[in-house]
Amino acid sequence: MKPRILSVLLALLLVSGAPVCAETLSYQLYVSLGPVSMKAGKARLDIAPSTYKGQKAVRSQLAMQTGAGADVVFTLRDTIRSYYMPFGRSLYYSKTVNEGSRHNFEEAVFNVENGLFNVELSTWDKIGNKRLEHAVKSSPQRIFDMLSLLDYARGIKTGSLVKGREIAVLPMVNGAMVVDQHLIYEGRVNVKTGTGLRKDCLKVSVRDWKYGSERETLVIYADPNDGNLPVRLDIVLGGAALSARLSDYSK
């Protein structure tokens, strides 16, 4: 989320085989600068059964927007869209980036060939209408995007999780790169939702080594009593931090 905002989101253990149903998750956004925290805007995650090029798929879309007050500090108008198979294999991903002075469009097209998971990655400058980056990456391991990774994470089985243990290392698209995301289980935490309610949640830290040193890009709080529903997402933005807190859920 700034960058690479929802630059990540996680995965833990087993994927649930439950049928996909339509869901809408609404979040209240907060931005923090040092000790100061303020309401920043809203986010909405829509998930529904769909098709992609004739294949049964899940369509997931996350839209985030800061309000007028927060725009003075940090402007965000991002839309992330993903098509993936019910068990999390990515088919297509795009991210429309409007973050401060950045106005880009990122795209990832996935396929499987000769036993390898492949992805073609492009980043476009929307203002100048020119391609800034292009790459093709391959891996023997499934490559995720942020939203397919989040879907995978919601299938976590909690029985054998140990606090402080690395649960998985999963490759995920990030701009024109594929970056390993290290998922660390950090125990149970009582957190406040966007409506003021408190819930006992699993806490998972998502970390990478994209720039040569460890950095935490995302912290996810999931309610194990409600299908690992993502109750809160804390995203590192560089100079600021963004927190998305669940305010409404329907299916």
# chains A, B, ... in the order shown; residues from 1 in each chain; ligands from 1
call {"tool": "closest_atom_pairs", "arguments": {"of": "segment 100-134 of chain A", "to": "segment 158-176 of chain A", "cutoff": "9 Å", "atoms": "only C-alpha atoms", "output": "JSON lines"}}
result
{"residue": "A:Glu106", "atom": "CA", "partner": "A:Gly175", "partner_atom": "CA", "distance": 6.2}
{"residue": "A:Glu107", "atom": "CA", "partner": "A:Gly175", "partner_atom": "CA", "distance": 8.0}
{"residue": "A:Ala108", "atom": "CA", "partner": "A:Val173", "partner_atom": "CA", "distance": 7.6}
{"residue": "A:Val119", "atom": "CA", "partner": "A:Val173", "partner_atom": "CA", "distance": 8.5}
{"residue": "A:Glu120", "atom": "CA", "partner": "A:Ala176", "partner_atom": "CA", "distance": 8.4}
{"residue": "A:Leu121", "atom": "CA", "partner": "A:Ala176", "partner_atom": "CA", "distance": 5.1}
{"residue": "A:Ser122", "atom": "CA", "partner": "A:Ala176", "partner_atom": "CA", "distance": 6.0}
{"residue": "A:Thr123", "atom": "CA", "partner": "A:Gly175", "partner_atom": "CA", "distance": 6.5}
{"residue": "A:Glu133", "atom": "CA", "partner": "A:Ala176", "partner_atom": "CA", "distance": 6.1}
{"residue": "A:His134", "atom": "CA", "partner": "A:Ala176", "partner_atom": "CA", "distance": 6.1}
call {"tool": "residues_around", "arguments": {"residues": "Val97 of chain A", "least_positions_apart": "6", "cutoff": "8 Å", "atoms": "only C-alpha atoms", "output": "list in words"}}
result
Arg77, Asp78, Thr79, His103, Asn104, Phe105 and Glu106 of chain A
call {"tool": "write_last_selection", "arguments": {"atoms": "N, CA, C and O atoms", "output": "mmCIF file, in the first residue's frame"}}
result
data_model
loop_
_atom_site.group_PDB
_atom_site.id
_atom_site.type_symbol
_atom_site.label_atom_id
_atom_site.label_comp_id
_atom_site.auth_asym_id
_atom_site.auth_seq_id
_atom_site.Cartn_x
_atom_site.Cartn_y
_atom_site.Cartn_z
ATOM 1 N N ARG A 77 -5.357 7.002 -4.299
ATOM 2 C CA ARG A 77 -6.516 6.592 -5.096
ATOM 3 C C ARG A 77 -6.090 5.346 -5.868
ATOM 4 O O ARG A 77 -5.777 5.414 -7.045
ATOM 5 N N ASP A 78 -6.062 4.206 -5.205
ATOM 6 C CA ASP A 78 -5.565 2.978 -5.816
ATOM 7 C C ASP A 78 -6.699 1.984 -6.032
ATOM 8 O O ASP A 78 -7.595 1.864 -5.202
ATOM 9 N N THR A 79 -6.626 1.254 -7.130
ATOM 10 C CA THR A 79 -7.547 0.147 -7.369
ATOM 11 C C THR A 79 -6.735 -1.070 -7.780
ATOM 12 O O THR A 79 -5.952 -1.004 -8.737
ATOM 13 N N HIS A 103 1.493 8.072 -10.878
ATOM 14 C CA HIS A 103 0.272 7.717 -11.607
ATOM 15 C C HIS A 103 0.631 6.625 -12.616
ATOM 16 O O HIS A 103 0.864 6.896 -13.791
ATOM 17 N N ASN A 104 0.670 5.386 -12.125
ATOM 18 C CA ASN A 104 1.106 4.256 -12.946
ATOM 19 C C ASN A 104 0.009 3.202 -13.067
ATOM 20 O O ASN A 104 -0.948 3.181 -12.301
ATOM 21 N N PHE A 105 0.224 2.310 -14.009
ATOM 22 C CA PHE A 105 -0.643 1.146 -14.156
ATOM 23 C C PHE A 105 0.259 -0.077 -14.219
ATOM 24 O O PHE A 105 1.146 -0.169 -15.074
ATOM 25 N N GLU A 106 0.062 -1.012 -13.277
ATOM 26 C CA GLU A 106 0.856 -2.235 -13.228
ATOM 27 C C GLU A 106 -0.014 -3.410 -13.660
ATOM 28 O O GLU A 106 -1.188 -3.487 -13.298
#
call {"tool": "residues_around", "arguments": {"residues": "segment 56-66 of chain A", "least_positions_apart": "2", "cutoff": "7 Å", "atoms": "only C-alpha atoms", "output": "number ranges by chain"}}
result
A: 40-52, 54, 68, 70-71, 75-86, 147
call {"tool": "write_last_selection", "arguments": {"atoms": "C-alpha atoms", "output": "PDB file, in the first residue's frame"}}
result
ATOM      1  CA  ALA A  40      -7.860   9.055   6.248  1.00  0.00           C
ATOM      2  CA  GLY A  41     -10.597   7.638   4.021  1.00  0.00           C
ATOM      3  CA  LYS A  42     -12.169   4.356   3.028  1.00  0.00           C
ATOM      4  CA  ALA A  43     -11.358   1.058   1.321  1.00  0.00           C
ATOM      5  CA  ARG A  44     -13.587  -1.651  -0.106  1.00  0.00           C
ATOM      6  CA  LEU A  45     -12.806  -5.242  -1.035  1.00  0.00           C
ATOM      7  CA  ASP A  46     -15.277  -7.027  -3.344  1.00  0.00           C
ATOM      8  CA  ILE A  47     -14.945 -10.771  -3.996  1.00  0.00           C
ATOM      9  CA  ALA A  48     -17.203 -12.776  -6.315  1.00  0.00           C
ATOM     10  CA  PRO A  49     -17.271 -15.865  -8.558  1.00  0.00           C
ATOM     11  CA  SER A  50     -16.380 -14.986 -12.145  1.00  0.00           C
ATOM     12  CA  THR A  51     -14.663 -16.272 -15.292  1.00  0.00           C
ATOM     13  CA  TYR A  52     -11.385 -15.314 -16.936  1.00  0.00           C
ATOM     14  CA  GLY A  54     -13.300 -19.144 -20.205  1.00  0.00           C
ATOM     15  CA  ALA A  68      -9.908  15.616   1.553  1.00  0.00           C
ATOM     16  CA  ALA A  70      -5.833  13.262   4.604  1.00  0.00           C
ATOM     17  CA  ASP A  71      -4.976  14.323   1.041  1.00  0.00           C
ATOM     18  CA  THR A  75      -3.078  11.245  -1.409  1.00  0.00           C
ATOM     19  CA  LEU A  76      -4.162   7.722  -2.311  1.00  0.00           C
ATOM     20  CA  ARG A  77      -6.516   6.592  -5.096  1.00  0.00           C
ATOM     21  CA  ASP A  78      -5.565   2.978  -5.816  1.00  0.00           C
ATOM     22  CA  THR A  79      -7.547   0.147  -7.369  1.00  0.00           C
ATOM     23  CA  ILE A  80      -6.217  -3.416  -7.340  1.00  0.00           C
ATOM     24  CA  ARG A  81      -7.922  -6.165  -9.338  1.00  0.00           C
ATOM     25  CA  SER A  82      -7.154  -9.875  -9.480  1.00  0.00           C
ATOM     26  CA  TYR A  83      -8.550 -12.951 -11.201  1.00  0.00           C
ATOM     27  CA  TYR A  84      -7.441 -16.225  -9.671  1.00  0.00           C
ATOM     28  CA  MET A  85      -8.588 -19.823  -9.455  1.00  0.00           C
ATOM     29  CA  PRO A  86     -10.505 -20.920  -6.340  1.00  0.00           C
ATOM     30  CA  LEU A 147      -5.167 -10.515  -3.553  1.00  0.00           C
TER      31      LEU A 147
END
call {"tool": "closest_atom_pairs", "arguments": {"of": "segment 214-236 of chain A", "to": "segment 177-190 of chain A", "cutoff": "12 Å", "atoms": "only C-alpha atoms", "output": "Markdown table"}}
result
| residue | atom | partner | partner_atom | distance |
| --- | --- | --- | --- | --- |
| A:Glu214 | CA | A:His182 | CA | 9.8 |
| A:Arg215 | CA | A:His182 | CA | 10.2 |
| A:Glu216 | CA | A:His182 | CA | 9.3 |
| A:Thr217 | CA | A:Gln181 | CA | 9.2 |
| A:Leu218 | CA | A:Leu183 | CA | 9.8 |
| A:Val219 | CA | A:Ile184 | CA | 9.5 |
| A:Ile220 | CA | A:Tyr185 | CA | 9.8 |
| A:Tyr221 | CA | A:Val189 | CA | 7.9 |
| A:Ala222 | CA | A:Arg188 | CA | 9.4 |
| A:Asp223 | CA | A:Arg188 | CA | 9.6 |
| A:Pro224 | CA | A:Arg188 | CA | 9.8 |
| A:Val231 | CA | A:Asn190 | CA | 10.8 |
| A:Arg232 | CA | A:Asn190 | CA | 10.9 |
call {"tool": "select_by_dssp", "arguments": {"residues": "segment 69-232 of chain A", "states": "alpha helix (DSSP H)", "output": "list in words"}}
result
Gly69, Ala70, Asp71, Met146, Leu147, Ser148, Leu149, Leu150, Asp151, Tyr152 and Ala153 of chain A
call {"tool": "residues_around", "arguments": {"residues": "segment 88-91 of chain A", "least_positions_apart": "5", "cutoff": "10 Å", "atoms": "only C-alpha atoms", "output": "list in words"}}
result
Val15, Tyr52, Lys53, Gln55, Ala57, Val58, Ser82, Tyr83, Ala108, Val109, Phe110, Asn111, Val112, Phe117, Val119, Arg142, Ile143, Phe144, Asp145, Met146, Leu147, Ser148, Leu149, Leu150, Asp151, Tyr152 and Ala153 of chain A
call {"tool": "atom_distance", "arguments": {"atom1": "atom CA of Val206 of chain A", "atom2": "atom CA of Arg154 of chain A"}}
result
14.3 Å
call {"tool": "select_by_dssp", "arguments": {"residues": "segment 76-163 of chain A", "states": "strand (DSSP E)", "output": "ChimeraX atom specification"}}
result
/A:77-84,90-99,102-113,116-125,130-139
call {"tool": "residues_around", "arguments": {"residues": "Val191 of chain A", "least_positions_apart": "6", "cutoff": "12 Å", "atoms": "only C-alpha atoms", "output": "ChimeraX atom specification"}}
result
/A:197-203,220-223,230-234,243-246
call {"tool": "atom_distance", "arguments": {"atom1": "atom CA of Tyr30 of chain A", "atom2": "atom CA of Ile235 of chain A"}}
result
10.3 Å
call {"tool": "closest_residue", "arguments": {"among": "A:Thr96, A:Ser213, A:Ser26, A:Ser138", "to": "Leu116 of chain A", "atoms": "only C-alpha atoms"}}
result
A:Ser138
call {"tool": "atom_distance", "arguments": {"atom1": "atom CA of Asp248 of chain A", "atom2": "atom CA of Tyr92 of chain A"}}
result
27.2 Å
call {"tool": "decode", "arguments": {"residues": "segment 18-119 of chain A", "atoms": "C-alpha atoms", "output": "compact mmCIF listing (two decimals), in the first residue's frame"}}
result
# COMPACT_ATOMS: atom_id res chain seq x y z
CA ALA A 18 -15.02 -24.09 0.53
CA PRO A 19 -17.04 -22.81 -2.44
CA VAL A 20 -16.53 -19.16 -3.30
CA CYS A 21 -19.36 -16.82 -2.35
CA ALA A 22 -19.74 -13.12 -3.04
CA GLU A 23 -18.40 -10.91 -0.23
CA THR A 24 -18.00 -7.19 0.38
CA LEU A 25 -15.61 -5.94 3.07
CA SER A 26 -15.54 -2.23 3.89
CA TYR A 27 -12.68 -0.60 5.82
CA GLN A 28 -12.04 2.70 7.55
CA LEU A 29 -8.55 3.98 6.70
CA TYR A 30 -6.27 5.66 9.24
CA VAL A 31 -2.91 7.29 8.49
CA SER A 32 -0.19 7.72 11.12
CA LEU A 33 2.74 10.12 11.11
CA GLY A 34 4.82 9.47 14.21
CA PRO A 35 2.49 9.62 17.25
CA VAL A 36 -0.31 11.36 15.30
CA SER A 37 -3.12 9.20 13.85
CA MET A 38 -6.11 10.45 11.86
CA LYS A 39 -9.00 9.09 9.85
CA ALA A 40 -7.86 9.06 6.25
CA GLY A 41 -10.60 7.64 4.02
CA LYS A 42 -12.17 4.36 3.03
CA ALA A 43 -11.36 1.06 1.32
CA ARG A 44 -13.59 -1.65 -0.11
CA LEU A 45 -12.81 -5.24 -1.04
CA ASP A 46 -15.28 -7.03 -3.34
CA ILE A 47 -14.94 -10.77 -4.00
CA ALA A 48 -17.20 -12.78 -6.32
CA PRO A 49 -17.27 -15.87 -8.56
CA SER A 50 -16.38 -14.99 -12.15
CA THR A 51 -14.66 -16.27 -15.29
CA TYR A 52 -11.39 -15.31 -16.94
CA LYS A 53 -10.82 -16.31 -20.57
CA GLY A 54 -13.30 -19.14 -20.20
CA GLN A 55 -11.93 -20.46 -16.90
CA LYS A 56 -13.89 -20.45 -13.67
CA ALA A 57 -12.26 -17.89 -11.44
CA VAL A 58 -12.62 -15.58 -8.49
CA ARG A 59 -12.66 -11.83 -9.15
CA SER A 60 -11.31 -9.75 -6.29
CA GLN A 61 -11.07 -5.96 -6.31
CA LEU A 62 -9.69 -3.62 -3.67
CA ALA A 63 -10.34 0.12 -4.01
CA MET A 64 -8.74 2.63 -1.62
CA GLN A 65 -9.29 6.35 -1.38
CA THR A 66 -8.15 8.99 1.08
CA GLY A 67 -10.46 11.88 1.91
CA ALA A 68 -9.91 15.62 1.55
CA GLY A 69 -8.40 16.04 5.02
CA ALA A 70 -5.83 13.26 4.60
CA ASP A 71 -4.98 14.32 1.04
CA VAL A 72 -2.97 17.21 2.49
CA VAL A 73 -0.64 14.64 4.08
CA PHE A 74 -0.85 11.74 1.64
CA THR A 75 -3.08 11.25 -1.41
CA LEU A 76 -4.16 7.72 -2.31
CA ARG A 77 -6.52 6.59 -5.10
CA ASP A 78 -5.57 2.98 -5.82
CA THR A 79 -7.55 0.15 -7.37
CA ILE A 80 -6.22 -3.42 -7.34
CA ARG A 81 -7.92 -6.17 -9.34
CA SER A 82 -7.15 -9.88 -9.48
CA TYR A 83 -8.55 -12.95 -11.20
CA TYR A 84 -7.44 -16.23 -9.67
CA MET A 85 -8.59 -19.82 -9.45
CA PRO A 86 -10.50 -20.92 -6.34
CA PHE A 87 -7.35 -22.44 -4.82
CA GLY A 88 -5.31 -19.28 -5.28
CA ARG A 89 -3.43 -19.70 -8.60
CA SER A 90 -3.24 -16.24 -10.16
CA LEU A 91 -4.51 -15.65 -13.70
CA TYR A 92 -4.42 -11.85 -14.06
CA TYR A 93 -3.59 -8.90 -11.82
CA SER A 94 -3.62 -5.14 -12.26
CA LYS A 95 -3.02 -2.15 -10.04
CA THR A 96 -3.99 1.41 -10.89
CA VAL A 97 -1.65 3.58 -8.84
CA ASN A 98 -2.46 7.16 -7.85
CA GLU A 99 -0.22 7.80 -4.85
CA GLY A 100 0.99 11.36 -4.43
CA SER A 101 2.75 12.19 -7.71
CA ARG A 102 2.83 8.58 -8.93
CA HIS A 103 0.27 7.72 -11.61
CA ASN A 104 1.11 4.26 -12.95
CA PHE A 105 -0.64 1.15 -14.16
CA GLU A 106 0.86 -2.23 -13.23
CA GLU A 107 -0.18 -5.47 -14.93
CA ALA A 108 0.69 -9.15 -14.46
CA VAL A 109 -0.43 -11.96 -16.78
CA PHE A 110 0.12 -15.50 -15.47
CA ASN A 111 0.37 -18.91 -17.15
CA VAL A 112 1.73 -22.39 -16.51
CA GLU A 113 3.94 -24.07 -19.12
CA ASN A 114 6.29 -27.07 -18.98
CA GLY A 115 5.85 -27.36 -15.24
CA LEU A 116 6.81 -23.73 -14.56
CA PHE A 117 4.69 -20.87 -13.25
CA ASN A 118 5.28 -17.84 -15.49
CA VAL A 119 4.26 -14.20 -15.24
